[in-house]
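**Student:** Pasting a structure here, questions to come.
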Amino acid sequence: MDIATIQAYAYFFFTGFLVLVLYGYIYHLYSSEKKGTRDYEKYGNIALNDEVTDKPVEKVSDNETKNKEA
Amino acid sequence: MFHWLEKRPFFFAVAVFVTIAFAGLIEILPNFAQASRPTIGTAPYSTLELAGRHVYIKNSCNACHSQLIRPFKAETDRYGHYSLSGEYAYDRPFLWGSKRTGPDLMRVGNYRTTDWHENHMWDPAGVVPGSIMPAYKWTFTNIADVDTAYAEQITIKNAFNVPYNKPIPMKDGSTTTVALADSLSGAHASALEEAKVVAADMKNQNVKDAVANGQIPEIVALIAYMNSLK
Amino acid sequence: MENRPLEYDYTVAKMFMFSTIILGIVGMLVGVILAFQLAFPGLNLMLGEGLAEYTAFGRLRPLHTDAVIFGFTLSGIFATWYYVGQRVLKVSMAESGFLMFIGKLHFWLYLVGVAAVVVSLLLGITTSKEYAEFEWPIDIAIVIVWVLWGLGIFGLIGIRREQSLYISIWYYIATFLGVAMLYVFNNMEIPTYFASGGIGAWYHSVSMYSGTNDALVQWWYGHNAVAFVFTVPIVAMIYYFLPKESGQAVYSYKLSLLSFWGLMFVYLWAGGHHLLFSTVPDWLQTMGSVFSIVLILPSWGSAINMLLTMKGEWQQVASSPLIKFMILASTFYMFSTLEGPIQAIKSVNALAHFTDWIVGHVHDGVLGWVGFMIMASLFHMAPRVFKREIYSKSLMTTQFWIQTLGVVLYFTSMWIAGITQGMMWRAHDEFGNLAYSFIDTVTVLHPYYTIRAVGGLLYLVGFFMFAYNIYKTMSARRIEENELQTASPMAA
């Protein structure tokens, strides 16, 4: 096998892999929202309520407490 | 998975970097060694030619001219044999260009002569009516930078093993050598020898006088370079 | 310290707004001059025979591309970053003296770099590689400027209050990383002065790659630099400014996630077309192309997401010139990302390559998408940064129509010019000889070059109106804080 063929196979399988990952991810996003695990759309508000005095959608410190629980 | 990333800027950055770097690796790297082997008959540039190449670059001739003949009948009819990868082995940087406002110059040395270039560079529209190429009169007075060309030759000889002073196989089975002087004054002397050959075919008196006085106007180097494009 | 409520600090954003406008004028003015030079070559001598060396097409051309890419566009990217970054992370630069210092240093060093670029290009000091013309001393300066920006980005992220990174931030990070990688690899060069023991010009260098390899690396850079300067950061802008200006949250956050990763995957993988028509098995090539197309779907998501963000609010497009700019920008984005792949089809490329069609393609992207989006962003920022309403809405509307006309004239004329020239180059007569000499294919373009120049001039005129409007905004009526929630306040 010359280098071009190896290249082509690498390209082929990696692209295929990416397609799978990406479409798997689409499925994951929509199903986890259906199941109520996570509401993604609320993050859209980060742009709208962006005064420095506005309450963050998710505070940095929230996460730390959550991490401790986990 | 991805949401996890968005909260962790560091891992996010790593993920992005891996995604974009990987494609480059697969696409470019494997061809590297293969593409840089010179074809038979391809020789490195002499000092004067390289100085001319610098004049070409300095004036961005590559903004209007390509040096890449594609394997189509229309192109080979117009410009000659299509380009081979190994013909560019000594081109640093490459000068393929991206726009043909003017014709391809890959093999212009095959069909244009010193005196044609002299007239054309002085007044393109005078030689080719309707030409939109600018005139390059200042190259007739500016002096070419032989020092830098020589510095570049030493650099590529040492760093990339460019075969100066070594036999180079030609298409007809013979060999040729491109000499590289071992001192700066030697480089000036050999460039001047070459320049005299070019200037002999020119008629601009100032250029002739300059060369007679040991100076090399940019136009002489530029024409030497274009004559070498074959 | 005074006891004032915390506010966002736009000092650095303001500095970059000014450089966006100034360098925009310089870059576009040079572009218009070049366009007229192609139509009327006498203009190569516009400052007389004595200065011809500095006004000829070849010298000016890199100055145009670099001024609009690294001057106008990068300044716009930096300006919006120093504005958007603080807001969506909910942290003010005033909170960190260090970041403030880095930000200012970033600006001033950038400006020094720009000055060095202008001077060196006019002197003809160039490596000849497109959009990477700078010699090594400037390359080093650019790397430092870039690292400073990176410090600014990650520093600000480090002290953020908002935990999740908003969509725009992803794109800014990707811009930072992508350009860094591309730039460093493409500019590997050896300074000849040092390598030869002190001979010749100190600034000269020679590429580490030769010939075909050099070309490969250069166009890997060239293609993707377009991605990471003209696409990724501009998408960052639209994801923030359109929702904010229209008061509508982005239509689908999920779709934006997908589009982001889709774009990252697709853009660099698009290079797979290099393998077409080579010696590898046919089925592999075909499937490779099919997969690439499947990957495009998520990458188009961004533009569609933007249009859908306006759902139910389309009257805003009619009433607000600012929204008009953004909607037209995303339309042009879709348009030129469709045109690009078409030109990459092998048989189309055979015709289009080396012609003005490529120039046309670049310009419907940069004038329609990049330029419009940056101007819209600055229009949105101006009232908030200066705390004053936009000076004139009607001027803005006029500008919009003038520039739109300019863009349309530009790309239609270049389409016709490119296809005409491509067809004439390949035409053979009945005896199998070439039908046209090269000069025939040059003179035939004169009318299109003239139209293109006029189109470019219209765009430039519009840009002057923009600059004037922003300038006057700085002295317009003061506004109340609460007028700034969504739509930007404008005087008639």
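Labels used: A, B, ... for chains in the order of the structure tokens, numbers from 1 for residues in each chain, and numbers from 1 for ligands as shown.
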If the cut-off is 7 Å, can you tell me the residues of chain A near chain C, counting only C-alpha atoms? I'd like them as an MDAnalysis selection string.
**Tutor:** chainID A and resid 4:5 8 12 15:16 19 29 40:41 44:48 50:52 56:60
**Student:** Keeping only N, CA, C and O atoms, write those residues as an mmCIF file, in the first residue's frame.
**Tutor:**
```cif
data_model
loop_
_atom_site.group_PDB
_atom_site.id
_atom_site.type_symbol
_atom_site.label_atom_id
_atom_site.label_comp_id
_atom_site.auth_asym_id
_atom_site.auth_seq_id
_atom_site.Cartn_x
_atom_site.Cartn_y
_atom_site.Cartn_z
ATOM 1 N N ALA A 4 -0.417 7.248 -0.393
ATOM 2 C CA ALA A 4 -1.675 7.899 -0.753
ATOM 3 C C ALA A 4 -2.859 7.034 -0.362
ATOM 4 O O ALA A 4 -3.916 7.534 0.056
ATOM 5 N N THR A 5 -2.701 5.721 -0.496
ATOM 6 C CA THR A 5 -3.810 4.831 -0.142
ATOM 7 C C THR A 5 -4.032 4.841 1.367
ATOM 8 O O THR A 5 -5.172 4.902 1.835
ATOM 9 N N ALA A 8 -5.779 7.886 2.195
ATOM 10 C CA ALA A 8 -7.187 7.848 1.828
ATOM 11 C C ALA A 8 -7.987 7.024 2.830
ATOM 12 O O ALA A 8 -9.089 7.416 3.225
ATOM 13 N N PHE A 12 -10.895 8.386 5.066
ATOM 14 C CA PHE A 12 -12.211 7.760 4.959
ATOM 15 C C PHE A 12 -12.747 7.350 6.327
ATOM 16 O O PHE A 12 -13.853 7.712 6.717
ATOM 17 N N THR A 15 -13.369 10.379 8.690
ATOM 18 C CA THR A 15 -14.574 11.138 8.356
ATOM 19 C C THR A 15 -15.807 10.362 8.779
ATOM 20 O O THR A 15 -16.749 10.924 9.354
ATOM 21 N N GLY A 16 -15.800 9.075 8.480
ATOM 22 C CA GLY A 16 -16.937 8.250 8.883
ATOM 23 C C GLY A 16 -17.144 8.314 10.390
ATOM 24 O O GLY A 16 -18.265 8.498 10.877
ATOM 25 N N VAL A 19 -18.682 11.591 11.397
ATOM 26 C CA VAL A 19 -20.109 11.647 11.088
ATOM 27 C C VAL A 19 -20.888 10.916 12.179
ATOM 28 O O VAL A 19 -21.893 11.427 12.697
ATOM 29 N N LEU A 29 -28.196 15.176 22.399
ATOM 30 C CA LEU A 29 -28.703 16.494 22.812
ATOM 31 C C LEU A 29 -30.203 16.475 22.963
ATOM 32 O O LEU A 29 -30.754 16.898 23.975
ATOM 33 N N TYR A 40 -30.932 22.873 27.663
ATOM 34 C CA TYR A 40 -29.860 23.610 27.004
ATOM 35 C C TYR A 40 -30.262 25.037 26.685
ATOM 36 O O TYR A 40 -29.453 25.944 26.708
ATOM 37 N N GLU A 41 -31.535 25.217 26.354
ATOM 38 C CA GLU A 41 -31.922 26.506 25.780
ATOM 39 C C GLU A 41 -31.742 27.660 26.753
ATOM 40 O O GLU A 41 -31.637 28.802 26.357
ATOM 41 N N GLY A 44 -28.988 30.255 26.178
ATOM 42 C CA GLY A 44 -29.148 31.327 25.204
ATOM 43 C C GLY A 44 -29.312 32.669 25.903
ATOM 44 O O GLY A 44 -28.995 33.717 25.358
ATOM 45 N N ASN A 45 -29.824 32.648 27.130
ATOM 46 C CA ASN A 45 -30.052 33.901 27.849
ATOM 47 C C ASN A 45 -28.769 34.552 28.338
ATOM 48 O O ASN A 45 -28.789 35.687 28.794
ATOM 49 N N ILE A 46 -27.672 33.835 28.244
ATOM 50 C CA ILE A 46 -26.407 34.450 28.674
ATOM 51 C C ILE A 46 -26.171 35.743 27.904
ATOM 52 O O ILE A 46 -25.698 36.732 28.450
ATOM 53 N N ALA A 47 -26.554 35.731 26.614
ATOM 54 C CA ALA A 47 -26.326 36.919 25.805
ATOM 55 C C ALA A 47 -27.323 38.028 26.149
ATOM 56 O O ALA A 47 -26.993 39.203 26.052
ATOM 57 N N LEU A 48 -28.533 37.650 26.515
ATOM 58 C CA LEU A 48 -29.552 38.684 26.727
ATOM 59 C C LEU A 48 -29.410 39.364 28.076
ATOM 60 O O LEU A 48 -29.522 40.572 28.186
ATOM 61 N N ASP A 50 -26.917 40.271 30.159
ATOM 62 C CA ASP A 50 -25.470 40.275 30.276
ATOM 63 C C ASP A 50 -24.936 41.518 30.964
ATOM 64 O O ASP A 50 -23.790 41.890 30.781
ATOM 65 N N GLU A 51 -25.806 42.203 31.752
ATOM 66 C CA GLU A 51 -25.248 43.291 32.560
ATOM 67 C C GLU A 51 -24.406 42.672 33.663
ATOM 68 O O GLU A 51 -24.679 41.553 34.105
ATOM 69 N N VAL A 52 -23.428 43.435 34.114
ATOM 70 C CA VAL A 52 -22.536 42.861 35.115
ATOM 71 C C VAL A 52 -23.297 42.617 36.414
ATOM 72 O O VAL A 52 -22.916 41.791 37.236
ATOM 73 N N PRO A 56 -26.036 35.534 36.965
ATOM 74 C CA PRO A 56 -25.567 34.561 35.967
ATOM 75 C C PRO A 56 -26.551 33.414 35.822
ATOM 76 O O PRO A 56 -27.226 33.047 36.780
ATOM 77 N N VAL A 57 -26.635 32.879 34.617
ATOM 78 C CA VAL A 57 -27.508 31.739 34.378
ATOM 79 C C VAL A 57 -27.062 30.554 35.232
ATOM 80 O O VAL A 57 -27.868 29.802 35.765
ATOM 81 N N GLU A 58 -25.769 30.420 35.353
ATOM 82 C CA GLU A 58 -25.208 29.356 36.177
ATOM 83 C C GLU A 58 -23.946 29.920 36.784
ATOM 84 O O GLU A 58 -23.014 30.238 36.057
ATOM 85 N N LYS A 59 -23.927 30.111 38.093
ATOM 86 C CA LYS A 59 -22.748 30.749 38.685
ATOM 87 C C LYS A 59 -21.575 29.791 38.744
ATOM 88 O O LYS A 59 -21.756 28.586 38.860
ATOM 89 N N VAL A 60 -20.379 30.357 38.677
ATOM 90 C CA VAL A 60 -19.188 29.520 38.741
ATOM 91 C C VAL A 60 -19.182 28.703 40.021
ATOM 92 O O VAL A 60 -18.862 27.515 40.026
#
```
**Student:** Could you list, as a PyMOL selection string, the residues of chain C having an atom within 7 Å of chain B when counting only C-alpha atoms?
**Tutor:** chain C and resi 38+41+44+53+56+58-59+124-126+128+163-165+173-174+177+192-193+195-196+199-201+206-207+209-216+264-265+268-269+354-355+425-426+434+438-439+443
**Student:** DSSP on the backbone, then: every residue of segment 327-439 of chain C marked alpha helix (DSSP H), written as a VMD selection string.
**Tutor:** chain C and resid 327 to 344 346 to 352 356 to 363 372 to 386 393 to 426 438 to 439
